[in-house]
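*Asks:* Following this line is start-v7.pdb, made up of PDB, C-alpha atoms:
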```pdb
ATOM      1  CA  MET A  27     125.538 116.750 -10.093
ATOM      2  CA  ASN A  28     123.896 118.052 -13.215
ATOM      3  CA  PRO A  29     120.212 118.826 -12.543
ATOM      4  CA  GLU A  30     119.496 118.869 -16.274
ATOM      5  CA  MET A  31     120.582 115.257 -16.559
ATOM      6  CA  VAL A  32     118.306 114.251 -13.679
ATOM      7  CA  LYS A  33     115.423 116.188 -15.185
ATOM      8  CA  GLU A  34     115.976 114.619 -18.609
ATOM      9  CA  LYS A  35     116.172 111.092 -17.256
ATOM     10  CA  LEU A  36     113.055 111.422 -15.113
ATOM     11  CA  ALA A  37     111.113 113.159 -17.883
ATOM     12  CA  SER A  38     111.956 110.504 -20.447
ATOM     13  CA  ARG A  39     110.835 107.773 -18.066
ATOM     14  CA  PHE A  40     107.830 109.342 -16.286
ATOM     15  CA  GLY A  41     106.712 112.193 -18.550
ATOM     16  CA  ASP A  42     107.469 115.881 -18.398
ATOM     17  CA  GLU A  43     104.435 117.524 -16.813
ATOM     18  CA  SER A  44     104.382 116.419 -13.254
ATOM     19  CA  ILE A  45     108.071 116.386 -12.344
ATOM     20  CA  SER A  46     110.139 119.491 -11.688
ATOM     21  CA  VAL A  47     113.821 119.742 -10.830
ATOM     22  CA  GLN A  48     115.392 122.719  -9.049
ATOM     23  CA  THR A  49     118.798 123.527  -7.636
ATOM     24  CA  ILE A  50     118.556 125.143  -4.190
ATOM     25  CA  LEU A  51     121.851 126.120  -2.530
ATOM     26  CA  ASP A  52     123.747 123.711  -4.793
ATOM     27  CA  GLN A  53     121.420 120.868  -3.858
ATOM     28  CA  VAL A  54     119.247 119.169  -6.449
ATOM     29  CA  VAL A  55     115.589 118.954  -5.453
ATOM     30  CA  VAL A  56     113.071 116.884  -7.375
ATOM     31  CA  ASN A  57     109.334 117.497  -6.948
ATOM     32  CA  VAL A  58     107.254 114.484  -7.872
ATOM     33  CA  PRO A  59     103.593 113.466  -7.588
ATOM     34  CA  GLY A  60     102.763 111.239  -4.628
ATOM     35  CA  GLN A  61     101.373 108.418  -6.739
ATOM     36  CA  LEU A  62     104.764 107.920  -8.425
ATOM     37  CA  ILE A  63     106.955 107.914  -5.342
ATOM     38  CA  VAL A  64     107.835 104.220  -5.362
ATOM     39  CA  PRO A  65     108.624 103.845  -9.106
ATOM     40  CA  ILE A  66     110.658 107.069  -9.047
ATOM     41  CA  CYS A  67     112.614 105.917  -6.004
ATOM     42  CA  GLU A  68     113.301 102.596  -7.685
ATOM     43  CA  PHE A  69     114.417 104.422 -10.800
ATOM     44  CA  VAL A  70     116.912 106.745  -9.077
ATOM     45  CA  ARG A  71     118.261 103.797  -7.118
ATOM     46  CA  ASP A  72     118.755 101.528 -10.137
ATOM     47  CA  ASP A  73     119.671 103.930 -12.934
ATOM     48  CA  PRO A  74     123.397 103.452 -13.685
ATOM     49  CA  ASP A  75     124.026 107.229 -13.902
ATOM     50  CA  LEU A  76     122.236 108.051 -10.661
ATOM     51  CA  LYS A  77     122.641 105.061  -8.332
ATOM     52  CA  PHE A  78     121.216 106.672  -5.201
ATOM     53  CA  ASP A  79     121.623 103.536  -3.162
ATOM     54  CA  PHE A  80     121.404 105.076   0.307
ATOM     55  CA  LEU A  81     118.390 106.722   1.945
ATOM     56  CA  SER A  82     119.607 109.144   4.615
ATOM     57  CA  PHE A  83     116.344 110.425   5.927
ATOM     58  CA  VAL A  84     112.588 110.570   5.511
ATOM     59  CA  GLY A  85     110.663 113.434   7.027
ATOM     60  CA  ALA A  86     107.622 115.586   6.510
ATOM     61  CA  VAL A  87     106.523 119.210   6.717
ATOM     62  CA  ASP A  88     103.052 120.335   7.710
ATOM     63  CA  ARG A  89     102.090 122.938   5.092
ATOM     64  CA  MET A  90      98.774 123.802   6.702
ATOM     65  CA  PRO A  91      96.528 125.397   5.400
ATOM     66  CA  GLU A  92      97.655 124.268   1.933
ATOM     67  CA  SER A  93      96.027 121.231   0.412
ATOM     68  CA  PRO A  94      97.295 118.572   0.175
ATOM     69  CA  ARG A  95      98.678 119.384   3.561
ATOM     70  CA  PHE A  96     101.729 117.193   4.169
ATOM     71  CA  GLU A  97     104.959 117.446   2.225
ATOM     72  CA  LEU A  98     107.258 114.433   2.385
ATOM     73  CA  ILE A  99     110.988 114.733   1.964
ATOM     74  CA  TYR A 100     113.407 111.952   1.066
ATOM     75  CA  GLN A 101     117.127 112.639   1.372
ATOM     76  CA  LEU A 102     119.206 110.370  -0.823
ATOM     77  CA  TYR A 103     122.906 109.718  -1.084
ATOM     78  CA  SER A 104     124.957 107.827  -3.629
ATOM     79  CA  THR A 105     127.836 105.850  -2.188
ATOM     80  CA  SER A 106     129.449 105.528  -5.629
ATOM     81  CA  SER A 107     129.365 109.185  -6.730
ATOM     82  CA  SER A 108     129.035 110.850  -3.274
ATOM     83  CA  GLU A 109     126.182 112.945  -4.686
ATOM     84  CA  ARG A 110     123.024 113.860  -2.847
ATOM     85  CA  LEU A 111     119.464 114.212  -4.054
ATOM     86  CA  ARG A 112     116.289 115.397  -2.374
ATOM     87  CA  ILE A 113     112.889 114.137  -3.440
ATOM     88  CA  LYS A 114     109.818 116.074  -2.361
ATOM     89  CA  THR A 115     106.236 114.991  -2.726
ATOM     90  CA  ARG A 116     102.834 115.504  -1.138
ATOM     91  CA  ALA A 117     100.894 112.886   0.756
ATOM     92  CA  ILE A 118      97.621 111.956  -0.915
ATOM     93  CA  GLU A 119      94.505 112.948   1.022
ATOM     94  CA  ASN A 120      91.175 111.163   0.823
ATOM     95  CA  GLU A 121      87.747 112.771   1.329
ATOM     96  CA  SER A 122      87.928 112.579   5.127
ATOM     97  CA  GLY A 123      91.309 114.328   5.162
ATOM     98  CA  GLU A 124      93.448 111.289   5.998
ATOM     99  CA  ALA A 125      96.854 111.542   4.381
ATOM    100  CA  SER A 126      98.674 108.530   3.015
ATOM    101  CA  ILE A 127     101.661 107.645   0.834
ATOM    102  CA  ASP A 128     103.236 104.422  -0.354
ATOM    103  CA  SER A 129     106.066 103.149   1.793
ATOM    104  CA  VAL A 130     109.492 103.031   0.140
ATOM    105  CA  TYR A 131     110.563 100.189   2.428
ATOM    106  CA  GLY A 132     110.795  97.918  -0.619
ATOM    107  CA  VAL A 133     113.300 100.313  -2.215
ATOM    108  CA  TRP A 134     115.464 101.142   0.793
ATOM    109  CA  ALA A 135     114.912  99.096   3.949
ATOM    110  CA  SER A 136     116.398 101.946   5.995
ATOM    111  CA  SER A 137     113.160 103.868   5.525
ATOM    112  CA  ASN A 138     111.521 101.622   8.119
ATOM    113  CA  TRP A 139     112.045 103.655  11.302
ATOM    114  CA  HIS A 140     112.008 107.025   9.500
ATOM    115  CA  GLU A 141     108.561 106.283   8.157
ATOM    116  CA  ARG A 142     107.354 105.050  11.525
ATOM    117  CA  GLU A 143     108.456 108.295  13.171
ATOM    118  CA  THR A 144     106.982 110.430  10.397
ATOM    119  CA  ALA A 145     103.734 108.470  10.637
ATOM    120  CA  GLU A 146     103.263 109.038  14.360
ATOM    121  CA  MET A 147     104.454 112.643  14.368
ATOM    122  CA  PHE A 148     102.205 113.795  11.493
ATOM    123  CA  GLY A 149      99.474 111.179  11.290
ATOM    124  CA  ILE A 150     100.401 110.103   7.775
ATOM    125  CA  VAL A 151      99.659 106.495   6.828
ATOM    126  CA  PHE A 152     102.481 104.707   5.005
ATOM    127  CA  GLU A 153     100.794 102.097   2.838
ATOM    128  CA  ASN A 154     102.395  98.646   2.733
ATOM    129  CA  HIS A 155     104.740  99.435   5.590
ATOM    130  CA  PRO A 156     105.936  96.109   7.061
ATOM    131  CA  ASP A 157     105.751  97.219  10.715
ATOM    132  CA  PRO A 158     103.378 100.175  11.167
ATOM    133  CA  ARG A 159     103.750 100.538  14.936
ATOM    134  CA  LYS A 160     104.670 103.755  16.727
ATOM    135  CA  LEU A 161     108.368 104.358  17.176
ATOM    136  CA  LEU A 162     108.878 106.982  19.891
ATOM    137  CA  LEU A 163     105.504 107.968  21.299
ATOM    138  CA  PRO A 164     103.617 105.805  23.797
ATOM    139  CA  ASP A 165     101.148 103.424  22.186
ATOM    140  CA  GLU A 166      98.178 104.761  24.110
ATOM    141  CA  TRP A 167      98.638 108.356  22.963
ATOM    142  CA  ASN A 168      96.395 109.590  20.209
ATOM    143  CA  ALA A 169      98.372 112.646  19.134
ATOM    144  CA  HIS A 170     100.485 113.881  16.235
ATOM    145  CA  PRO A 171     102.809 116.380  17.883
ATOM    146  CA  LEU A 172     104.560 117.854  14.821
ATOM    147  CA  ARG A 173     101.318 119.017  13.247
ATOM    148  CA  LYS A 174     100.974 122.776  13.186
ATOM    149  CA  ASP A 175      97.642 122.694  15.027
ATOM    150  CA  PHE A 176      98.934 120.534  17.899
ATOM    151  CA  PRO A 177      98.928 122.394  21.250
ATOM    152  CA  ILE A 178     102.521 122.434  22.518
ATOM    153  CA  MET A 179     101.599 121.230  26.011
ATOM    154  CA  GLY A 180      99.420 118.432  24.678
ATOM    155  CA  THR A 181      96.116 117.652  26.328
ATOM    156  CA  GLU A 182      95.137 115.595  29.345
ATOM    157  CA  GLN A 183      93.187 113.207  27.098
ATOM    158  CA  ASP A 184      95.673 112.786  24.253
ATOM    159  CA  THR A 185      99.051 112.967  26.022
ATOM    160  CA  PRO A 186      98.504 111.982  29.666
ATOM    161  CA  ASP A 187     101.356 111.364  32.098
ATOM    162  CA  LEU A 188     102.093 107.652  32.195
ATOM    163  CA  SER A 189     102.412 107.160  35.936
ATOM    164  CA  LYS A 190     100.495 103.897  36.011
TER     165      LYS A 190
ATOM    166  CA  MET B   1     132.360 114.537  81.668
ATOM    167  CA  GLY B   2     130.349 112.082  83.739
ATOM    168  CA  ILE B   3     130.635 108.481  82.773
ATOM    169  CA  GLU B   4     133.224 109.150  80.069
ATOM    170  CA  ASN B   5     135.740 110.536  82.583
ATOM    171  CA  HIS B   6     134.955 107.725  84.919
ATOM    172  CA  LEU B   7     135.982 105.207  82.230
ATOM    173  CA  ASP B   8     139.107 107.135  81.187
ATOM    174  CA  ASN B   9     137.438 108.408  77.977
ATOM    175  CA  THR B  10     137.320 104.936  76.498
ATOM    176  CA  VAL B  11     133.629 105.384  75.668
ATOM    177  CA  HIS B  12     131.653 108.168  74.051
ATOM    178  CA  VAL B  13     128.118 108.998  75.027
ATOM    179  CA  THR B  14     125.586 110.416  72.619
ATOM    180  CA  ASN B  15     121.915 109.973  71.963
ATOM    181  CA  LEU B  16     120.711 107.129  69.853
ATOM    182  CA  GLU B  17     118.809 109.275  67.361
ATOM    183  CA  TRP B  18     121.855 111.377  66.566
ATOM    184  CA  PHE B  19     123.849 108.194  66.111
ATOM    185  CA  VAL B  20     121.315 106.610  63.758
ATOM    186  CA  ASN B  21     121.073 109.773  61.684
ATOM    187  CA  TRP B  22     124.849 110.059  61.594
ATOM    188  CA  ALA B  23     125.165 106.470  60.399
ATOM    189  CA  ARG B  24     122.544 107.023  57.709
ATOM    190  CA  LYS B  25     124.003 110.224  56.333
ATOM    191  CA  SER B  26     127.592 109.000  56.491
ATOM    192  CA  SER B  27     127.138 106.093  54.137
ATOM    193  CA  MET B  28     124.356 107.103  51.850
ATOM    194  CA  TRP B  29     124.343 104.948  48.734
ATOM    195  CA  PRO B  30     123.038 106.617  45.597
ATOM    196  CA  LEU B  31     121.296 104.689  42.893
ATOM    197  CA  GLY B  32     123.437 104.522  39.774
ATOM    198  CA  PHE B  33     121.194 105.812  37.044
ATOM    199  CA  GLY B  34     120.987 108.905  34.897
ATOM    200  CA  LEU B  35     118.283 110.379  32.718
ATOM    201  CA  ALA B  36     119.964 113.055  30.630
ATOM    202  CA  CYS B  37     122.911 115.457  30.432
ATOM    203  CA  CYS B  38     122.831 116.113  34.209
ATOM    204  CA  ALA B  39     123.964 112.515  34.634
ATOM    205  CA  LEU B  40     127.349 113.477  33.181
ATOM    206  CA  GLU B  41     127.817 116.124  35.856
ATOM    207  CA  MET B  42     126.760 113.534  38.416
ATOM    208  CA  ILE B  43     129.379 111.118  37.058
ATOM    209  CA  ALA B  44     131.967 113.910  37.270
ATOM    210  CA  ALA B  45     131.018 114.340  40.931
ATOM    211  CA  PHE B  46     131.759 110.660  41.520
ATOM    212  CA  VAL B  47     135.225 110.535  39.977
ATOM    213  CA  SER B  48     138.532 111.696  41.399
ATOM    214  CA  ARG B  49     138.374 115.409  40.601
ATOM    215  CA  TYR B  50     135.357 116.010  42.863
ATOM    216  CA  ASP B  51     135.467 112.735  44.791
ATOM    217  CA  LEU B  52     132.058 112.058  46.258
ATOM    218  CA  SER B  53     133.610 109.321  48.397
ATOM    219  CA  ARG B  54     134.732 112.042  50.798
ATOM    220  CA  PHE B  55     131.134 111.946  51.994
ATOM    221  CA  GLY B  56     130.829 108.176  52.171
ATOM    222  CA  MET B  57     128.951 108.016  48.898
ATOM    223  CA  GLU B  58     131.241 106.431  46.374
ATOM    224  CA  VAL B  59     129.221 103.233  45.963
ATOM    225  CA  ALA B  60     126.629 103.937  43.288
ATOM    226  CA  ARG B  61     124.378 100.922  43.357
ATOM    227  CA  PRO B  62     123.031  99.482  40.133
ATOM    228  CA  SER B  63     120.246  97.743  42.065
ATOM    229  CA  PRO B  64     117.536  99.894  43.666
ATOM    230  CA  ARG B  65     117.326  97.386  46.523
ATOM    231  CA  HIS B  66     120.813  98.407  47.664
ATOM    232  CA  ALA B  67     120.325 102.144  47.312
ATOM    233  CA  ASP B  68     118.830 104.752  49.613
ATOM    234  CA  LEU B  69     119.303 107.913  47.588
ATOM    235  CA  MET B  70     117.768 108.580  44.192
ATOM    236  CA  ILE B  71     119.397 111.419  42.264
ATOM    237  CA  VAL B  72     116.921 112.264  39.505
ATOM    238  CA  SER B  73     119.583 113.591  37.174
ATOM    239  CA  GLY B  74     117.910 115.053  34.145
ATOM    240  CA  THR B  75     114.796 115.269  32.025
ATOM    241  CA  ALA B  76     112.076 112.792  32.959
ATOM    242  CA  SER B  77     109.979 112.210  29.858
ATOM    243  CA  LYS B  78     106.429 111.026  30.306
ATOM    244  CA  LYS B  79     107.372 107.753  28.685
ATOM    245  CA  MET B  80     110.254 107.233  31.130
ATOM    246  CA  LEU B  81     108.195 108.159  34.190
ATOM    247  CA  PRO B  82     106.764 104.667  34.906
ATOM    248  CA  ALA B  83     110.302 103.249  35.014
ATOM    249  CA  VAL B  84     111.519 105.983  37.370
ATOM    250  CA  LEU B  85     108.570 105.445  39.719
ATOM    251  CA  ARG B  86     109.087 101.711  39.642
ATOM    252  CA  ILE B  87     112.724 101.837  40.679
ATOM    253  CA  TYR B  88     111.835 104.373  43.373
ATOM    254  CA  GLU B  89     109.245 101.968  44.739
ATOM    255  CA  GLN B  90     111.819  99.156  44.708
ATOM    256  CA  MET B  91     114.228 101.090  46.937
ATOM    257  CA  ALA B  92     114.263 100.095  50.597
ATOM    258  CA  GLU B  93     113.253 102.492  53.389
ATOM    259  CA  PRO B  94     114.508 104.937  54.445
ATOM    260  CA  LYS B  95     115.108 106.654  51.126
ATOM    261  CA  TRP B  96     115.662 110.167  49.854
ATOM    262  CA  VAL B  97     115.326 111.962  46.529
ATOM    263  CA  ILE B  98     117.414 114.751  45.043
ATOM    264  CA  ALA B  99     115.974 116.528  41.996
ATOM    265  CA  MET B 100     119.067 117.483  40.017
ATOM    266  CA  GLY B 101     118.846 120.166  37.350
ATOM    267  CA  ALA B 102     116.155 122.438  36.004
ATOM    268  CA  CYS B 103     114.310 119.619  34.203
ATOM    269  CA  ALA B 104     113.908 117.410  37.262
ATOM    270  CA  CYS B 105     112.914 120.436  39.355
ATOM    271  CA  SER B 106     110.354 121.955  36.999
ATOM    272  CA  GLY B 107     110.546 120.545  33.470
ATOM    273  CA  GLY B 108     113.131 123.209  32.634
ATOM    274  CA  ILE B 109     113.148 124.447  29.065
ATOM    275  CA  TYR B 110     110.966 121.528  28.005
ATOM    276  CA  LYS B 111     107.562 123.088  28.556
ATOM    277  CA  ASN B 112     105.911 120.671  26.170
ATOM    278  CA  TYR B 113     103.722 117.618  25.809
ATOM    279  CA  ALA B 114     106.452 115.002  26.268
ATOM    280  CA  VAL B 115     108.197 115.970  29.531
ATOM    281  CA  VAL B 116     107.072 115.677  33.150
ATOM    282  CA  GLN B 117     106.845 119.229  34.513
ATOM    283  CA  GLY B 118     108.845 118.546  37.661
ATOM    284  CA  ILE B 119     109.497 115.128  39.187
ATOM    285  CA  ASP B 120     108.014 116.423  42.467
ATOM    286  CA  LYS B 121     104.587 115.821  40.955
ATOM    287  CA  TYR B 122     105.295 112.136  41.547
ATOM    288  CA  LEU B 123     108.183 111.703  43.995
ATOM    289  CA  PRO B 124     108.751 113.290  47.441
ATOM    290  CA  VAL B 125     111.806 115.419  46.654
ATOM    291  CA  ASP B 126     114.079 116.300  49.584
ATOM    292  CA  VAL B 127     116.564 118.626  47.903
ATOM    293  CA  TYR B 128     116.323 120.602  44.656
ATOM    294  CA  VAL B 129     119.560 121.383  42.840
ATOM    295  CA  PRO B 130     118.879 124.000  40.141
ATOM    296  CA  GLY B 131     121.101 124.558  37.117
ATOM    297  CA  CYS B 132     121.257 123.479  33.519
ATOM    298  CA  PRO B 133     123.148 121.356  34.199
ATOM    299  CA  PRO B 134     124.336 122.062  37.759
ATOM    300  CA  ARG B 135     128.085 121.810  38.212
ATOM    301  CA  PRO B 136     129.406 118.959  40.378
ATOM    302  CA  GLU B 137     130.012 121.477  43.164
ATOM    303  CA  ALA B 138     126.299 122.300  43.117
ATOM    304  CA  LEU B 139     125.400 118.630  43.398
ATOM    305  CA  LEU B 140     127.879 118.200  46.258
ATOM    306  CA  ASP B 141     126.277 121.163  48.002
ATOM    307  CA  GLY B 142     122.844 119.626  47.492
ATOM    308  CA  ILE B 143     124.078 116.375  48.984
ATOM    309  CA  LEU B 144     125.501 118.215  51.990
ATOM    310  CA  GLN B 145     122.138 119.933  52.393
ATOM    311  CA  LEU B 146     120.525 116.513  52.357
ATOM    312  CA  HIS B 147     122.996 115.284  54.979
ATOM    313  CA  ALA B 148     122.060 118.236  57.174
ATOM    314  CA  LYS B 149     118.408 117.404  56.666
ATOM    315  CA  VAL B 150     118.954 113.752  57.588
ATOM    316  CA  MET B 151     120.727 114.822  60.785
ATOM    317  CA  LYS B 152     117.563 116.673  61.828
ATOM    318  CA  GLU B 153     115.196 113.782  61.196
ATOM    319  CA  GLN B 154     113.446 112.275  64.207
ATOM    320  CA  SER B 155     114.482 108.811  63.180
ATOM    321  CA  ILE B 156     113.780 107.083  66.525
ATOM    322  CA  LYS B 157     111.224 109.221  68.295
ATOM    323  CA  ASN B 158     109.009 109.799  65.312
ATOM    324  CA  PRO B 159     110.288 107.614  62.519
ATOM    325  CA  GLN B 160     109.506 109.246  59.253
ATOM    326  CA  PHE B 161     107.894 106.579  57.200
ATOM    327  CA  HIS B 162     107.915 107.658  53.609
ATOM    328  CA  GLY B 163     105.880 104.690  52.436
ATOM    329  CA  ILE B 164     105.399 104.692  48.705
ATOM    330  CA  LYS B 165     104.571 108.332  48.639
ATOM    331  CA  VAL B 166     103.440 109.095  45.121
ATOM    332  CA  VAL B 167     102.123 112.597  45.579
ATOM    333  CA  GLY B 168      99.958 114.599  43.228
ATOM    334  CA  LYS B 169      98.045 113.273  40.221
TER     335      LYS B 169
END
```
Translate the structure of the given file into structure tokens.
*Replies:*
Amino acid sequence: MNPEMVKEKLASRFGDESISVQTILDQVVVNVPGQLIVPICEFVRDDPDLKFDFLSFVGAVDRMPESPRFELIYQLYSTSSSERLRIKTRAIENESGEASIDSVYGVWASSNWHERETAEMFGIVFENHPDPRKLLLPDEWNAHPLRKDFPIMGTEQDTPDLSK
Amino acid sequence: MGIENHLDNTVHVTNLEWFVNWARKSSMWPLGFGLACCALEMIAAFVSRYDLSRFGMEVARPSPRHADLMIVSGTASKKMLPAVLRIYEQMAEPKWVIAMGACACSGGIYKNYAVVQGIDKYLPVDVYVPGCPPRPEALLDGILQLHAKVMKEQSIKNPQFHGIKVVGK
């Protein structure tokens, strides 16, 4: 896929400054601001030249000590052109350090469980998520294990054995 | 010898304890459940190539109420632990536990927040079978070790009552 075309289309729709497009190992990577994640996802899904109708994966990276801290990654696939696209953004942090981002459930319903897992593993809030429960971890745990500052063995308070 | 000769060897005399132990070890019924990759080696031990039925153990019971041997085959995550303990408690006495594989013995390579660091923190393990995963031969050897252990139990004189022995914690 032509990264210039992607860049041009996104720039003409959302403005030039905040969006960058790179090609890394033959894969097109788009960096976008967190506030625009939902409109940009809708755009790349609906644009007739892009048509990224399938969301493969949502994940995050803890970039501690950078700020904002959490990088979100959306892996897209187009079933009509067999092309792939990666969208990267940063979660938005408020004054108390809580990270949040808009859920893309309304764009691709398959983001549901991916966002639930990302939410519990990193402690990122997905706004407007239809079912913001934990996915894998026990409900009573108060821990975000994929954060860089999480102790690998957990703690007796946050990750107790569930023998009862 | 004694009464046996007198009756033309139509009877066989032994002691009751030996007989009870022999009956127990000769038809031990394992519980049919698996936790992780070790379960595949356990399944291999059941089928024709290794043939666990040679030891009277071919009936893996899906219900814990029919089983008297729990083979903890694999990684017990902390989230799975309540289910494992519950089916152990549902098994009828007398019952035995084999910890199969490095994870069930000690947590194995998973020294982390999500995995129980050895099922013996919660269950009274009789035999540990190390390996990652142990081959079916290793499991068969562990089962034979358990049989030998059962033969030494004082089942009549001093019946070992396991109770619901949740040790540790």
*Asks:* Extract, using all atoms listed in the file, all DNA, RNA and protein residues at most 7 Å from Tyr113 of chain B, discarding same-chain residues fewer than 2 positions from it, and format them as a list in words.
*Replies:*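 Everything that qualifies: Ile178, Met179, Gly180 and Thr185 of chain A; Val115 of chain B.
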*Asks:* Evaluate the PyMOL selection byres ((chain A) within 12 of (chain B)) and record the selected residues as a PDB file with C-alpha atoms, in the frame of the given file, following the chain and residue labels used in the document.
*Replies:*
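out_1.pdb, freshly written:
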```pdb
ATOM      1  CA  LEU A 162     108.878 106.982  19.891  1.00  0.00           C
ATOM      2  CA  LEU A 163     105.504 107.968  21.299  1.00  0.00           C
ATOM      3  CA  PRO A 164     103.617 105.805  23.797  1.00  0.00           C
ATOM      4  CA  ASP A 165     101.148 103.424  22.186  1.00  0.00           C
ATOM      5  CA  GLU A 166      98.178 104.761  24.110  1.00  0.00           C
ATOM      6  CA  TRP A 167      98.638 108.356  22.963  1.00  0.00           C
ATOM      7  CA  ALA A 169      98.372 112.646  19.134  1.00  0.00           C
ATOM      8  CA  HIS A 170     100.485 113.881  16.235  1.00  0.00           C
ATOM      9  CA  PRO A 171     102.809 116.380  17.883  1.00  0.00           C
ATOM     10  CA  LEU A 172     104.560 117.854  14.821  1.00  0.00           C
ATOM     11  CA  PHE A 176      98.934 120.534  17.899  1.00  0.00           C
ATOM     12  CA  PRO A 177      98.928 122.394  21.250  1.00  0.00           C
ATOM     13  CA  ILE A 178     102.521 122.434  22.518  1.00  0.00           C
ATOM     14  CA  MET A 179     101.599 121.230  26.011  1.00  0.00           C
ATOM     15  CA  GLY A 180      99.420 118.432  24.678  1.00  0.00           C
ATOM     16  CA  THR A 181      96.116 117.652  26.328  1.00  0.00           C
ATOM     17  CA  GLU A 182      95.137 115.595  29.345  1.00  0.00           C
ATOM     18  CA  GLN A 183      93.187 113.207  27.098  1.00  0.00           C
ATOM     19  CA  ASP A 184      95.673 112.786  24.253  1.00  0.00           C
ATOM     20  CA  THR A 185      99.051 112.967  26.022  1.00  0.00           C
ATOM     21  CA  PRO A 186      98.504 111.982  29.666  1.00  0.00           C
ATOM     22  CA  ASP A 187     101.356 111.364  32.098  1.00  0.00           C
ATOM     23  CA  LEU A 188     102.093 107.652  32.195  1.00  0.00           C
ATOM     24  CA  SER A 189     102.412 107.160  35.936  1.00  0.00           C
ATOM     25  CA  LYS A 190     100.495 103.897  36.011  1.00  0.00           C
TER      26      LYS A 190
END
```
*Asks:* Write out as a PyMOL selection string which residues come within 9 Å of Ala102 of chain B when counting all atoms listed in the file, dropping same-chain ones fewer than 5 positions away.
*Replies:* chain B and resi 74-75+107-109+118+128-134
*Asks:* Name all residues at most 12 Å from segment 38-47 of chain B (count all atoms listed in the file; drop same-chain ones fewer than 6 positions away) and give them as a CSV table (one decimal) with C-alpha atoms, in the frame of the given file.
*Replies:*
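Wrote it out as around20.csv, contents follow:
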```csv
chain,number,residue,atom,x,y,z
B,29,TRP,CA,124.3,104.9,48.7
B,30,PRO,CA,123.0,106.6,45.6
B,31,LEU,CA,121.3,104.7,42.9
B,32,GLY,CA,123.4,104.5,39.8
B,53,SER,CA,133.6,109.3,48.4
B,54,ARG,CA,134.7,112.0,50.8
B,55,PHE,CA,131.1,111.9,52.0
B,56,GLY,CA,130.8,108.2,52.2
B,57,MET,CA,129.0,108.0,48.9
B,58,GLU,CA,131.2,106.4,46.4
B,59,VAL,CA,129.2,103.2,46.0
B,60,ALA,CA,126.6,103.9,43.3
B,70,MET,CA,117.8,108.6,44.2
B,71,ILE,CA,119.4,111.4,42.3
B,72,VAL,CA,116.9,112.3,39.5
B,73,SER,CA,119.6,113.6,37.2
B,74,GLY,CA,117.9,115.1,34.1
B,75,THR,CA,114.8,115.3,32.0
B,76,ALA,CA,112.1,112.8,33.0
B,98,ILE,CA,117.4,114.8,45.0
B,99,ALA,CA,116.0,116.5,42.0
B,100,MET,CA,119.1,117.5,40.0
B,101,GLY,CA,118.8,120.2,37.4
B,102,ALA,CA,116.2,122.4,36.0
B,103,CYS,CA,114.3,119.6,34.2
B,104,ALA,CA,113.9,117.4,37.3
B,105,CYS,CA,112.9,120.4,39.4
B,129,VAL,CA,119.6,121.4,42.8
B,130,PRO,CA,118.9,124.0,40.1
B,131,GLY,CA,121.1,124.6,37.1
B,132,CYS,CA,121.3,123.5,33.5
B,133,PRO,CA,123.1,121.4,34.2
B,134,PRO,CA,124.3,122.1,37.8
B,135,ARG,CA,128.1,121.8,38.2
B,136,PRO,CA,129.4,119.0,40.4
B,137,GLU,CA,130.0,121.5,43.2
B,138,ALA,CA,126.3,122.3,43.1
B,139,LEU,CA,125.4,118.6,43.4
B,140,LEU,CA,127.9,118.2,46.3
B,141,ASP,CA,126.3,121.2,48.0
B,142,GLY,CA,122.8,119.6,47.5
B,143,ILE,CA,124.1,116.4,49.0
```
*Asks:* Take atom CA of Leu36 of chain A and atom CA of Asp128 of chain A and report the distance between them in Å, one decimal.
*Replies:*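 Separation of atom CA of Leu36 of chain A and atom CA of Asp128 of chain A: 19.1 Å.
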*Asks:* Could you state which residues are captured by the PyMOL selection byres ((chain A and resi 80) around 12) in this file, as JSON, numbers by chain?
*Replies:* {"A": [67, 68, 70, 71, 72, 76, 77, 78, 79, 81, 82, 83, 84, 100, 101, 102, 103, 104, 105, 106, 107, 108, 109, 110, 111, 112, 133, 134, 135, 136, 137]}
*Asks:* Do you know which residues the PyMOL selection byres ((chain B and resi 64) around 9) returns on this file, as number ranges by chain?
*Replies:* B: 30-32, 61-63, 65-68, 70, 87-92
*Asks:* Would you compute an axis-aligned box for segment 41-60 of chain B, covering every atom listed for it in the file with 6 Å of margin on each side, and report centre and edge lengths in Å to one decimal as AutoDock Vina command-line options?
*Replies:*
```
--center_x 132.6 --center_y 109.7 --center_z 44.0 --size_x 23.9 --size_y 24.9 --size_z 28.3
```
*Asks:* So what do you get for atom CA of Asp42 of chain A versus atom CA of Leu62 of chain A, distance-wise?
*Replies:*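 A separation of 13.0 Å between them.
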*Asks:* Between atom CA of Arg116 of chain A and atom CA of Glu92 of chain A, what distance in Å does the model show, to one decimal?
*Replies:* 10.6 Å
